[in-house]
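Text of the file query_1.tsv, holding TSV, C-alpha atoms:
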chain	number	residue	atom	x	y	z
L	297	MET	CA	70.88	121.09	86.94
L	298	ARG	CA	70.81	117.33	86.42
L	299	PHE	CA	68.81	114.66	88.19
L	300	GLY	CA	70.42	111.37	89.14
L	301	VAL	CA	69.34	108.14	87.47
L	302	GLU	CA	65.74	107.41	88.45
L	303	SER	CA	64.07	104.01	88.56
L	304	LEU	CA	60.58	102.78	87.71
L	305	PRO	CA	59.10	99.33	88.31
L	306	ILE	CA	57.60	97.77	85.22
L	307	ARG	CA	53.98	98.24	86.34
L	308	ALA	CA	54.46	101.95	86.91
L	309	ALA	CA	56.19	102.37	83.54
L	310	ARG	CA	53.40	100.44	81.80
L	311	ARG	CA	50.65	102.52	83.37
L	312	LEU	CA	52.56	105.70	82.65
L	313	ALA	CA	52.74	104.67	78.99
L	314	LEU	CA	48.97	104.18	78.93
L	315	ALA	CA	48.27	107.44	80.75
L	316	ARG	CA	50.45	109.51	78.46
L	317	GLY	CA	49.11	107.49	75.54
L	318	GLY	CA	45.56	108.58	76.34
L	319	LEU	CA	44.33	105.08	77.23
L	320	LEU	CA	43.41	105.46	80.90
L	321	LYS	CA	40.76	107.57	82.63
L	322	PRO	CA	40.69	111.27	81.72
L	323	GLU	CA	41.90	112.27	85.19
L	324	TRP	CA	45.14	110.43	84.41
L	325	THR	CA	45.48	111.28	80.72
L	326	GLY	CA	44.44	114.92	80.72
L	327	LEU	CA	42.59	114.23	77.47
L	328	PRO	CA	38.88	114.23	76.66
L	329	GLN	CA	37.13	110.87	76.73
L	330	ARG	CA	34.00	111.46	74.65
L	331	ALA	CA	33.63	112.86	71.16
L	332	GLY	CA	30.30	112.12	69.56
L	333	GLY	CA	29.22	113.49	66.20
L	334	ARG	CA	31.28	115.45	63.71
L	335	GLY	CA	31.04	118.93	65.16
L	336	ALA	CA	33.56	121.30	66.66
L	337	ARG	CA	33.75	119.39	69.93
L	338	ALA	CA	34.69	116.13	68.21
L	339	ARG	CA	37.29	117.88	66.07
L	340	ALA	CA	38.79	119.59	69.12
L	341	ALA	CA	39.02	116.23	70.90
L	342	ALA	CA	40.77	114.68	67.91
L	343	HIS	CA	43.21	117.61	67.77
L	344	ALA	CA	43.98	117.15	71.48
L	345	VAL	CA	44.95	113.51	70.88
L	346	ILE	CA	47.13	114.46	67.92
L	347	ARG	CA	48.88	117.18	69.93
L	348	ARG	CA	49.63	114.68	72.69
L	349	PHE	CA	51.79	112.58	70.36
L	350	GLY	CA	52.66	115.30	67.88
L	351	TYR	CA	51.45	113.17	64.99
L	352	LEU	CA	48.70	110.90	63.71
L	353	GLN	CA	50.17	108.29	61.39
L	354	LEU	CA	48.20	107.69	58.20
L	355	ASP	CA	47.62	104.30	56.65
L	356	THR	CA	45.62	103.17	53.64
L	357	VAL	CA	44.41	99.77	54.92
L	358	ALA	CA	40.71	99.80	55.78
L	359	VAL	CA	40.04	96.07	55.89
L	360	ALA	CA	38.76	96.23	59.49
L	361	GLY	CA	36.17	98.88	58.63
L	362	ALA	CA	38.29	101.93	59.48
L	363	ARG	CA	41.83	103.04	58.73
L	364	SER	CA	44.52	103.18	61.39
L	365	HIS	CA	44.25	106.93	62.00
L	366	ALA	CA	40.54	106.50	62.72
L	367	ILE	CA	41.11	103.52	65.01
L	368	VAL	CA	43.70	105.45	67.06
L	369	LEU	CA	41.11	108.16	67.71
L	370	MET	CA	38.24	105.69	68.26
L	371	SER	CA	40.26	103.86	70.93
L	372	ARG	CA	40.65	107.05	72.96
L	373	LEU	CA	37.43	108.95	72.29
L	374	GLN	CA	34.14	107.23	73.07
L	375	GLY	CA	31.57	107.73	70.34
L	376	PHE	CA	34.11	109.08	67.85
L	377	ASP	CA	32.81	108.82	64.28
L	378	PRO	CA	35.49	107.13	62.13
L	379	GLY	CA	34.26	109.10	59.15
L	380	LEU	CA	35.43	112.29	60.81
L	381	ALA	CA	38.98	110.93	60.88
L	382	GLU	CA	38.96	111.02	57.08
L	383	GLU	CA	37.95	114.69	57.07
L	384	LEU	CA	40.34	116.22	59.59
L	385	LEU	CA	42.66	117.73	56.99
L	386	ARG	CA	40.67	120.58	55.49
L	387	PRO	CA	41.61	124.18	54.66
L	388	GLY	CA	41.83	126.21	57.83
L	389	GLU	CA	42.25	123.26	60.19
L	390	PRO	CA	45.25	123.46	62.61
L	391	LEU	CA	46.96	120.46	60.96
L	392	PHE	CA	49.35	119.82	58.11
L	393	GLU	CA	50.49	116.64	56.45
L	394	TYR	CA	54.17	115.71	56.36
L	395	TRP	CA	56.75	113.06	57.19
L	396	GLY	CA	56.45	112.69	60.97
L	397	HIS	CA	56.64	109.14	62.26
L	398	GLU	CA	55.66	108.18	58.73
L	399	ALA	CA	53.29	110.19	56.54
L	400	SER	CA	51.25	111.86	59.26
L	401	TRP	CA	48.95	114.69	60.19
L	402	LEU	CA	50.76	117.02	62.56
L	403	PRO	CA	49.81	120.12	64.59
L	404	ILE	CA	50.43	123.22	62.48
L	405	GLU	CA	52.74	124.67	65.14
L	406	LEU	CA	55.28	121.97	64.26
L	407	TYR	CA	55.66	123.21	60.67
L	408	PRO	CA	58.67	125.44	61.52
L	409	VAL	CA	60.25	122.57	63.46
L	410	PHE	CA	60.49	120.40	60.34
L	411	ALA	CA	62.46	122.96	58.34
L	412	PHE	CA	65.55	120.74	58.70
L	413	ARG	CA	63.71	117.81	57.09
L	414	ARG	CA	62.35	119.87	54.24
L	415	ALA	CA	65.91	121.01	53.53
L	416	GLU	CA	67.21	117.44	53.64
L	417	PHE	CA	64.43	116.23	51.37
L	418	ARG	CA	65.34	118.57	48.54
L	419	ARG	CA	66.90	115.31	47.45
L	420	HIS	CA	64.05	112.89	47.87
L	421	PRO	CA	64.95	110.02	50.24
L	422	TRP	CA	63.76	107.39	47.72
L	423	TRP	CA	64.30	108.96	44.32
L	424	GLY	CA	67.26	111.33	44.79
L	425	ASP	CA	67.30	114.63	42.90
L	426	LEU	CA	64.11	113.89	41.01
L	427	VAL	CA	63.17	117.55	40.58
L	428	GLY	CA	66.64	118.37	39.26
L	429	GLN	CA	66.41	115.50	36.80
L	430	HIS	CA	62.97	116.55	35.55
L	431	PRO	CA	62.77	120.35	35.90
L	432	GLU	CA	60.24	120.67	33.10
L	433	VAL	CA	57.79	118.39	34.93
L	434	ALA	CA	58.28	120.29	38.19
L	435	ASP	CA	57.87	123.67	36.51
L	436	ASP	CA	54.72	122.53	34.70
L	437	LEU	CA	53.19	121.16	37.91
L	438	LEU	CA	53.94	124.34	39.84
L	439	ARG	CA	52.56	126.51	37.02
L	440	ARG	CA	49.41	124.45	36.72
L	441	ILE	CA	48.75	124.50	40.46
L	442	ARG	CA	49.49	128.23	40.64
L	443	ASP	CA	47.07	128.98	37.80
L	444	GLU	CA	44.35	126.36	38.33
L	445	GLY	CA	44.41	125.82	42.08
L	446	PRO	CA	44.80	122.62	44.11
L	447	LEU	CA	45.45	119.51	42.07
L	448	ARG	CA	44.62	115.94	43.04
L	449	ALA	CA	47.17	113.24	42.36
L	450	LEU	CA	44.49	111.43	40.35
L	451	ASP	CA	44.23	114.38	37.98
L	452	MET	CA	47.90	114.61	37.09
L	453	GLU	CA	48.76	113.83	33.52
L	454	GLY	CA	51.12	111.06	32.55
L	455	ARG	CA	51.22	107.44	31.61
L	456	GLY	CA	49.67	105.14	34.19
L	457	SER	CA	51.44	102.48	36.20
L	458	ARG	CA	50.93	99.23	38.05
L	459	GLY	CA	52.50	99.88	41.43
L	460	TRP	CA	54.11	102.34	43.83
L	461	TRP	CA	57.54	102.13	42.26
L	462	ASP	CA	56.04	102.72	38.78
L	463	LEU	CA	54.00	105.79	39.70
L	464	LYS	CA	53.41	108.42	37.10
L	465	LEU	CA	56.41	110.70	36.92
L	466	ALA	CA	54.21	113.69	37.70
L	467	LYS	CA	53.02	112.07	40.96
L	468	LYS	CA	56.58	111.31	41.95
L	469	VAL	CA	57.64	114.87	41.28
L	470	ALA	CA	54.65	116.21	43.23
L	471	THR	CA	55.67	114.03	46.19
L	472	ALA	CA	59.23	115.35	45.93
L	473	LEU	CA	58.02	118.97	45.81
L	474	TRP	CA	55.81	118.30	48.85
L	475	SER	CA	58.69	116.66	50.73
L	476	SER	CA	60.92	119.67	50.09
L	477	GLY	CA	58.21	122.13	51.12
L	478	GLU	CA	57.36	123.81	47.81
L	479	LEU	CA	53.97	122.10	47.79
L	480	ALA	CA	51.68	121.21	50.68
L	481	ILE	CA	48.67	118.94	51.04
L	482	ALA	CA	45.63	121.20	51.02
L	483	GLU	CA	43.22	118.43	52.02
L	484	ARG	CA	42.31	114.80	51.60
L	485	ARG	CA	39.01	113.56	50.24
L	486	SER	CA	38.34	109.84	49.95
L	487	PHE	CA	41.93	109.60	51.20
L	488	GLN	CA	43.20	111.26	48.00
L	489	ARG	CA	45.72	114.06	48.40
L	490	SER	CA	45.13	117.47	46.92
L	491	TYR	CA	48.35	119.45	46.34
L	492	ASP	CA	48.63	123.23	46.49
L	493	LEU	CA	51.41	125.80	46.80
L	494	ALA	CA	52.75	125.84	50.36
L	495	GLU	CA	52.12	129.57	50.70
L	496	ARG	CA	48.41	129.00	50.07
L	497	VAL	CA	48.14	126.23	52.68
L	498	ILE	CA	50.57	127.03	55.50
L	499	PRO	CA	50.05	130.39	57.25
L	500	GLU	CA	52.90	132.79	56.68
L	501	ALA	CA	53.70	132.99	60.40
L	502	TYR	CA	54.69	129.32	60.36
L	503	ARG	CA	56.63	129.53	57.08
L	504	SER	CA	58.66	132.63	57.90
L	505	GLN	CA	60.35	131.50	61.12
L	506	PRO	CA	62.01	128.11	60.62
L	507	VAL	CA	63.47	126.49	63.71
L	508	ALA	CA	67.18	125.62	63.65
L	509	ALA	CA	67.98	121.90	63.52
L	510	ALA	CA	69.51	121.69	67.01
L	511	GLU	CA	66.47	123.32	68.62
L	512	ALA	CA	64.13	121.25	66.46
L	513	LEU	CA	65.65	118.04	67.77
L	514	GLU	CA	65.06	119.17	71.35
L	515	VAL	CA	61.43	119.97	70.58
L	516	LEU	CA	60.82	116.64	68.86
L	517	LEU	CA	62.60	114.48	71.42
L	518	LEU	CA	60.75	116.13	74.30
L	519	LEU	CA	57.44	115.81	72.48
L	520	ALA	CA	58.11	112.12	71.80
L	521	LEU	CA	58.85	111.57	75.48
L	522	ALA	CA	55.64	113.37	76.48
L	523	GLY	CA	53.69	110.88	74.37
L	524	HIS	CA	55.54	107.80	75.59
L	525	GLY	CA	55.96	108.56	79.28
L	526	TRP	CA	59.18	106.57	79.51
L	527	ALA	CA	61.28	105.67	76.50
L	528	ALA	CA	64.77	104.66	75.48
L	529	THR	CA	66.84	106.92	73.25
L	530	GLY	CA	66.24	104.68	70.24
L	531	THR	CA	62.47	104.90	70.69
L	532	LEU	CA	62.60	108.68	70.85
L	533	ALA	CA	64.68	108.85	67.67
L	534	ARG	CA	62.47	106.38	65.81
L	535	THR	CA	59.35	108.30	66.78
L	536	TRP	CA	60.40	110.93	64.24
L	537	ARG	CA	62.56	108.71	62.01
L	538	LEU	CA	65.69	110.63	63.05
L	539	ARG	CA	68.27	108.56	61.21
L	540	ASN	CA	72.03	109.02	61.08
L	541	ARG	CA	72.07	111.65	63.84
L	542	PRO	CA	73.39	109.84	66.93
L	543	GLN	CA	75.74	112.61	68.04
L	544	GLU	CA	73.17	115.37	67.47
L	545	ILE	CA	70.52	113.41	69.36
L	546	ARG	CA	72.90	112.73	72.22
L	547	ALA	CA	73.77	116.44	72.41
L	548	ALA	CA	70.08	117.43	72.37
L	549	LEU	CA	69.31	115.00	75.19
L	550	ASP	CA	72.25	116.35	77.18
L	551	ARG	CA	70.91	119.88	76.82
L	552	LEU	CA	67.44	118.80	77.90
L	553	GLN	CA	68.95	117.01	80.89
L	554	ASP	CA	71.01	120.07	81.83
L	555	ARG	CA	67.77	122.09	81.89
L	556	ALA	CA	66.13	119.41	84.08
L	557	ALA	CA	63.51	118.87	81.38
L	558	ILE	CA	64.27	115.12	81.36
L	559	ALA	CA	65.98	112.62	83.63
L	560	PRO	CA	67.66	109.26	82.92
L	561	CYS	CA	65.50	106.44	84.19
L	562	VAL	CA	65.91	102.68	84.44
L	563	VAL	CA	62.85	100.47	84.09
L	564	ASP	CA	63.20	97.34	86.18
L	565	GLY	CA	61.33	94.47	84.56
L	566	GLY	CA	62.50	91.85	87.04
L	567	ARG	CA	64.44	88.68	86.25
L	568	GLY	CA	67.43	90.78	85.28
L	569	ARG	CA	65.53	92.82	82.70
L	570	ARG	CA	66.62	96.43	83.02
L	571	ALA	CA	66.33	99.10	80.36
L	572	LEU	CA	67.80	102.59	80.48
L	573	GLY	CA	65.73	105.42	79.06
L	574	TRP	CA	64.35	108.86	79.83
L	575	VAL	CA	61.40	110.38	81.65
L	576	ARG	CA	60.12	113.86	82.34
L	577	PRO	CA	60.20	114.82	86.07
L	578	GLU	CA	56.47	115.53	86.10
L	579	ASP	CA	55.82	112.05	84.71
L	580	LEU	CA	57.77	110.47	87.55
L	581	GLU	CA	55.22	111.99	89.90
L	582	LEU	CA	52.37	110.71	87.72
L	583	ALA	CA	53.89	107.22	87.62
L	584	ALA	CA	54.13	107.12	91.42
L	585	ARG	CA	50.44	107.97	91.73
L	586	LEU	CA	49.44	105.47	89.07
L	587	GLU	CA	51.32	102.56	90.61
L	588	GLY	CA	49.16	102.65	93.69
L	589	THR	CA	45.84	102.82	91.85
L	590	ARG	CA	43.74	100.30	90.01
L	591	PRO	CA	43.32	100.80	86.26
L	592	ARG	CA	39.79	101.23	85.01
L	593	GLY	CA	37.58	98.14	85.13
L	594	ASP	CA	37.99	97.99	81.41
L	595	ARG	CA	35.31	97.04	78.94
L	596	GLY	CA	38.06	96.36	76.45
L	597	THR	CA	39.49	98.56	73.70
L	598	LEU	CA	40.73	97.60	70.25
L	599	LEU	CA	44.02	99.23	69.26
L	600	SER	CA	45.35	99.86	65.79
L	601	PRO	CA	48.45	97.79	65.00
L	602	PHE	CA	50.07	101.16	64.20
L	603	ASP	CA	49.02	102.74	67.50
L	604	PRO	CA	51.67	105.08	68.99
L	605	VAL	CA	51.83	102.81	72.04
L	606	LEU	CA	52.48	99.69	69.94
L	607	TRP	CA	54.82	100.31	67.02
L	608	ASP	CA	58.05	99.84	69.04
L	609	ARG	CA	58.01	96.04	69.41
L	610	ALA	CA	60.86	95.84	71.94
L	611	ARG	CA	59.23	98.45	74.18
L	612	VAL	CA	55.85	96.71	73.98
L	613	HIS	CA	57.47	93.41	74.94
L	614	LEU	CA	59.27	95.01	77.90
L	615	LEU	CA	56.24	96.88	79.25
L	616	PHE	CA	53.43	94.46	78.42
L	617	GLY	CA	55.10	91.10	77.80
L	618	PHE	CA	53.27	91.15	74.45
L	619	ASP	CA	54.75	90.15	71.10
L	620	GLN	CA	53.36	92.76	68.74
L	621	VAL	CA	53.62	91.51	65.17
L	622	LEU	CA	52.34	92.88	61.87
L	623	GLU	CA	51.73	90.20	59.28
L	624	ILE	CA	50.32	92.22	56.38
L	625	PHE	CA	53.38	91.55	54.27
L	626	LYS	CA	53.58	87.83	55.01
L	627	PRO	CA	52.04	85.25	52.68
L	628	ALA	CA	48.81	83.96	54.20
L	629	PRO	CA	50.17	80.45	55.04
L	630	GLN	CA	52.97	82.04	57.10
L	631	ARG	CA	50.71	84.19	59.28
L	632	ARG	CA	50.25	83.13	62.86
L	633	TYR	CA	47.53	85.57	63.90
L	634	GLY	CA	46.11	87.13	60.75
L	635	TYR	CA	46.40	89.87	58.15
L	636	TYR	CA	45.46	92.94	60.23
L	637	CYS	CA	45.28	92.05	63.91
L	638	LEU	CA	44.05	94.60	66.43
L	639	PRO	CA	45.37	94.05	69.99
L	640	VAL	CA	42.81	94.20	72.81
L	641	LEU	CA	43.64	96.38	75.81
L	642	ALA	CA	41.88	95.52	79.08
L	643	GLY	CA	42.89	97.62	82.07
L	644	ASP	CA	46.67	97.87	81.80
L	645	ARG	CA	47.14	94.56	79.96
L	646	LEU	CA	47.11	93.47	76.34
L	647	VAL	CA	44.96	90.37	76.60
L	648	ALA	CA	44.18	89.31	73.03
L	649	ARG	CA	44.37	90.16	69.35
L	650	VAL	CA	41.59	89.91	66.78
L	651	ASP	CA	41.65	89.82	62.99
L	652	LEU	CA	38.63	91.58	61.51
L	653	LYS	CA	37.20	92.02	58.04
L	654	ALA	CA	34.51	94.54	57.16
L	655	ASP	CA	32.21	93.09	54.54
L	656	ARG	CA	30.29	96.14	53.33
L	657	ARG	CA	28.52	94.17	50.61
L	658	ARG	CA	27.01	91.73	53.09
L	659	GLY	CA	26.70	94.41	55.77
L	660	ARG	CA	28.62	92.74	58.56
L	661	LEU	CA	31.89	92.80	60.46
L	662	GLU	CA	33.50	89.38	60.44
L	663	LEU	CA	35.77	88.04	63.16
L	664	LEU	CA	38.34	85.98	61.26
L	665	SER	CA	40.31	84.96	64.33
L	666	ALA	CA	40.78	85.73	68.02
L	667	HIS	CA	43.93	84.81	69.93
L	668	PHE	CA	44.14	85.27	73.70
L	669	GLU	CA	47.33	85.76	75.66
L	670	ASN	CA	48.18	82.92	78.01
L	671	ARG	CA	45.06	81.36	79.53
L	672	ALA	CA	42.20	83.72	78.87
L	673	SER	CA	40.07	84.46	81.89
L	674	ALA	CA	36.34	85.07	81.75
L	675	ALA	CA	37.08	88.76	82.31
L	676	ASP	CA	39.47	88.87	79.34
L	677	ARG	CA	36.90	87.23	77.10
L	678	ALA	CA	34.21	89.62	78.29
L	679	ALA	CA	36.49	92.60	77.64
L	680	THR	CA	37.21	91.31	74.13
L	681	ARG	CA	33.52	90.80	73.36
L	682	SER	CA	32.76	94.30	74.63
L	683	ALA	CA	35.57	95.79	72.54
L	684	LEU	CA	34.30	94.01	69.44
L	685	ASP	CA	30.73	95.14	70.00
L	686	ARG	CA	31.71	98.78	70.48
L	687	PHE	CA	33.96	98.72	67.43
L	688	ALA	CA	31.18	97.22	65.32
L	689	VAL	CA	28.80	99.99	66.37
L	690	ALA	CA	31.43	102.63	65.57
L	691	VAL	CA	32.05	101.35	62.02
L	692	GLY	CA	28.35	100.81	61.43
L	693	LEU	CA	28.49	97.08	60.79
L	694	PRO	CA	26.86	94.44	63.00
L	695	MET	CA	29.14	91.71	64.25
L	696	ASP	CA	28.97	88.26	62.84
L	697	PRO	CA	26.86	86.37	65.44
L	698	LYS	CA	29.72	83.92	65.95
L	699	ALA	CA	31.87	86.74	67.30
L	700	VAL	CA	30.00	86.92	70.58
L	701	GLN	CA	31.51	83.51	71.35
L	702	ALA	CA	35.06	84.94	71.14

Would you give me this structure, written as structure tokens?
Amino acid sequence: MRFGVESLPIRAARRLALARGGLLKPEWTGLPQRAGGRGARARAAAHAVIRRFGYLQLDTVAVAGARSHAIVLMSRLQGFDPGLAEELLRPGEPLFEYWGHEASWLPIELYPVFAFRRAEFRRHPWWGDLVGQHPEVADDLLRRIRDEGPLRALDMEGRGSRGWWDLKLAKKVATALWSSGELAIAERRSFQRSYDLAERVIPEAYRSQPVAAAEALEVLLLLALAGHGWAATGTLARTWRLRNRPQEIRAALDRLQDRAAIAPCVVDGGRGRRALGWVRPEDLELAARLEGTRPRGDRGTLLSPFDPVLWDRARVHLLFGFDQVLEIFKPAPQRRYGYYCLPVLAGDRLVARVDLKADRRRGRLELLSAHFENRASAADRAATRSALDRFAVAVGLPMDPKAVQA
């Protein structure tokens, strides 16, 4: 059974994106809203957010006082301790680390689904057949880990290096063995990986029943759509970095459509802007209810620049009219907004972006810049001040007094 082509006005599609993205009230998101402390309740809330998207992208940059994976959870869970985000991958937790959107923490139930990627990555996507070229290094690493237990990347022997592309050979080989599934990440401490044999990290039930590639694509595309609400085919593919598979993706979407799991849907942005994508039937009903409601009277929320709602620039521009840019890799004189800008969500609008720097030595959170969209209203400024204040409390650094004038 196939649905006809549906249609959503831009406001409904935008609110649907926020609801499925966990950024509206709990009655719309179906996710918890509070997660104080570091106990079981906070961990369960974090796991619920990760399951919604299917991944939590990892990033090393902590200039704002917390890394991206912490900020994603902080933006959705009131009172969430950013330190807990660094401790989610521990032995026995229902997560594993692998290549999802990028390097990510994923729900353990997805381990069988990525069997196709582990098979592909027997030849590493960056370094080729590294293990085949250096079998003695691979054998020594596997023997050492088997005999001595988990091994941190920092503890691997080999001549040091000055950058990512000059990593120790042992660290490269460990990454290749992890990518192909022979090794797994047992845990992270101080954001450092600890490698162990996959059979000692991943429960046997998840290792013994790999999912065929065709079925895996259906699972991943449907999961991506559940996190986005509405999305174009390209967005769904890029969610999981599904490259060079256009025919397989098209076939998987056709099968999902035949089962009435998804429906084609046009988002009408007005002024001739129309975009064809996909939506789940149950989310069409949610979008209809959301369009007639008012979003929360928002106190303002800071979003990571790598937030699942934000990384697709074209989609963000269509739904929010917001030009999401990342200027980390630009020389400072060429930056328009700043090094690590966090967009500010107020209600269902992106109203500003702020560039923050955590100065642990001086014990303060500095506001380097604040840029408002269009003509900032008093409400937008109040939402931004509130978002800054709450973020400062979460990272344990008082705001620079000048920030309250943002």

9 Å contact set for segment 380-392 of chain L, only C-alpha atoms, chain neighbours under 6 positions out, as a list in words: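 Once the nearby chain positions are removed, what remains is Gly333, Arg334, Ala338, Arg339, Ala342, His343, Arg363, His365, Ala366, Ile367, Leu369, Ser400, Trp401, Leu402, Pro403, Ile404, Glu405, Leu406, Tyr407, Ala480, Ile481, Ala482, Glu483, Arg484, Arg485, Ser486, Phe487, Val497 and Ile498 of chain L.
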
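Nearest residue to Glu416 of chain L, choosing from L:Glu495, L:Leu304, L:Ala679, L:Gly477 and counting all atoms listed in the file: L:Gly477.
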
Spatial neighbours of segment 566-581 of chain L, max dist 6 Å, all atoms listed in the file, sep filter under 5 positions, as a list of chain:residue names: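 Within the cut-off, the hits are L:Trp526, L:Ala527, L:Ala528, L:Ile558, L:Ala559, L:Pro560, L:Cys561.
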
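Atom pair atom CA of Ser476 of chain L / atom CA of Ala411 of chain L has a distance of 9.0 Å (rounded to one decimal).
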
Residues near Asp443 of chain L, cut-off 12 Å, only C-alpha atoms, skip fewer than 6 positions along chain, as a PyMOL selection string: chain L and resi 436-437+492-493

Residues of segment 322-437 of chain L within 10 Å of segment 615-636 of chain L: nearest atom pair and distance (Å, one decimal) for each, counting all atoms listed in the file, sorted by chain and number, as CSV?
residue,atom,partner,partner_atom,distance
L:Val357,CA,L:Tyr636,CA,8.7
L:Ala358,CA,L:Tyr636,CA,9.5
L:Val359,CA,L:Tyr636,CA,7.6
L:Ala360,CA,L:Tyr636,CA,7.5

Å distance separating atom CA of Pro408 of chain L from atom CA of Ala509 of chain L, one decimal place: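 Distance between the two atoms: 10.2 Å.
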
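Going from atom CA of Asp676 of chain L over to atom CA of Val647 of chain L, you cover 6.3 Å.
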
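For the set L:Thr589, L:Thr535, L:Ser303, L:Asn670, the residue with the smallest atom-to-atom gap to Gly643 of chain L is L:Thr589, counting all atoms listed in the file.
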
Point (35.0, 92.3, 75.4), cut-off 10 Å, counting only C-alpha atoms, residues as a list in words: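 Neighbouring residues, ordered by chain and number, come to Asp594, Arg595, Gly596, Thr597, Leu598, Val640, Leu641, Ala642, Ala648, Ala674, Ala675, Asp676, Arg677, Ala678, Ala679, Thr680, Arg681, Ser682, Ala683, Leu684, Asp685, Arg686, Val700 and Ala702 of chain L.
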
Counting only C-alpha atoms, the residue of L:Pro639, L:Pro446, L:Gly317, L:Gly335 that sits nearest Leu521 of chain L: L:Gly317

Pick from L:Gly318, L:Arg546, L:Phe376, L:Val427 nearest to Ala340 of chain L, counting all atoms listed in the file: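 The answer is L:Phe376, which sits nearest to Ala340 of chain L.
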
Within 9 Å of file point (44.2, 103.7, 87.2), counting all atoms listed in the file, expressed as a list in words: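 Selection result: Arg311, Ala315, Leu320, Lys321, Trp324, Arg585, Leu586, Glu587, Gly588, Thr589, Arg590, Pro591, Arg592, Gly593, Gly643 and Asp644 of chain L.
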
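Closest approach to Thr531 of chain L among L:Gly692, L:Pro499, L:His397, L:Ala494 is made by L:His397 (distances from all atoms listed in the file).
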
Can you tell me, as lines of an AutoDock Vina configuration file, the centre and edge lengths (Å, one decimal) of the axis-aligned box enclosing all of segment 406-413 of chain L's listed atoms after padding each side by 8 Å?
center_x = 60.4
center_y = 121.6
center_z = 60.7
size_x = 26.3
size_y = 23.6
size_z = 23.2

Can you tell me which residues surround Trp422 of chain L at a distance of at most 12 Å, considering all atoms listed in the file, apart from same-chain residues fewer than 4 positions away, and format the answer as a PDB file with C-alpha atoms, in the frame of the given file?
ATOM      1  CA  PHE L 417      64.430 116.230  51.370  1.00  0.00           C
ATOM      2  CA  ARG L 418      65.340 118.570  48.540  1.00  0.00           C
ATOM      3  CA  LEU L 426      64.110 113.890  41.010  1.00  0.00           C
ATOM      4  CA  TRP L 460      54.110 102.340  43.830  1.00  0.00           C
ATOM      5  CA  TRP L 461      57.540 102.130  42.260  1.00  0.00           C
ATOM      6  CA  LYS L 468      56.580 111.310  41.950  1.00  0.00           C
ATOM      7  CA  VAL L 469      57.640 114.870  41.280  1.00  0.00           C
ATOM      8  CA  THR L 471      55.670 114.030  46.190  1.00  0.00           C
ATOM      9  CA  ALA L 472      59.230 115.350  45.930  1.00  0.00           C
ATOM     10  CA  SER L 475      58.690 116.660  50.730  1.00  0.00           C
TER      11      SER L 475
END

Distance criterion (only C-alpha atoms): nearest to Arg658 of chain L out of L:Ala556, L:Met695, L:Ile545, L:Ala309: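 Looking only at the distances to Arg658 of chain L, the closest residue turns out to be L:Met695.
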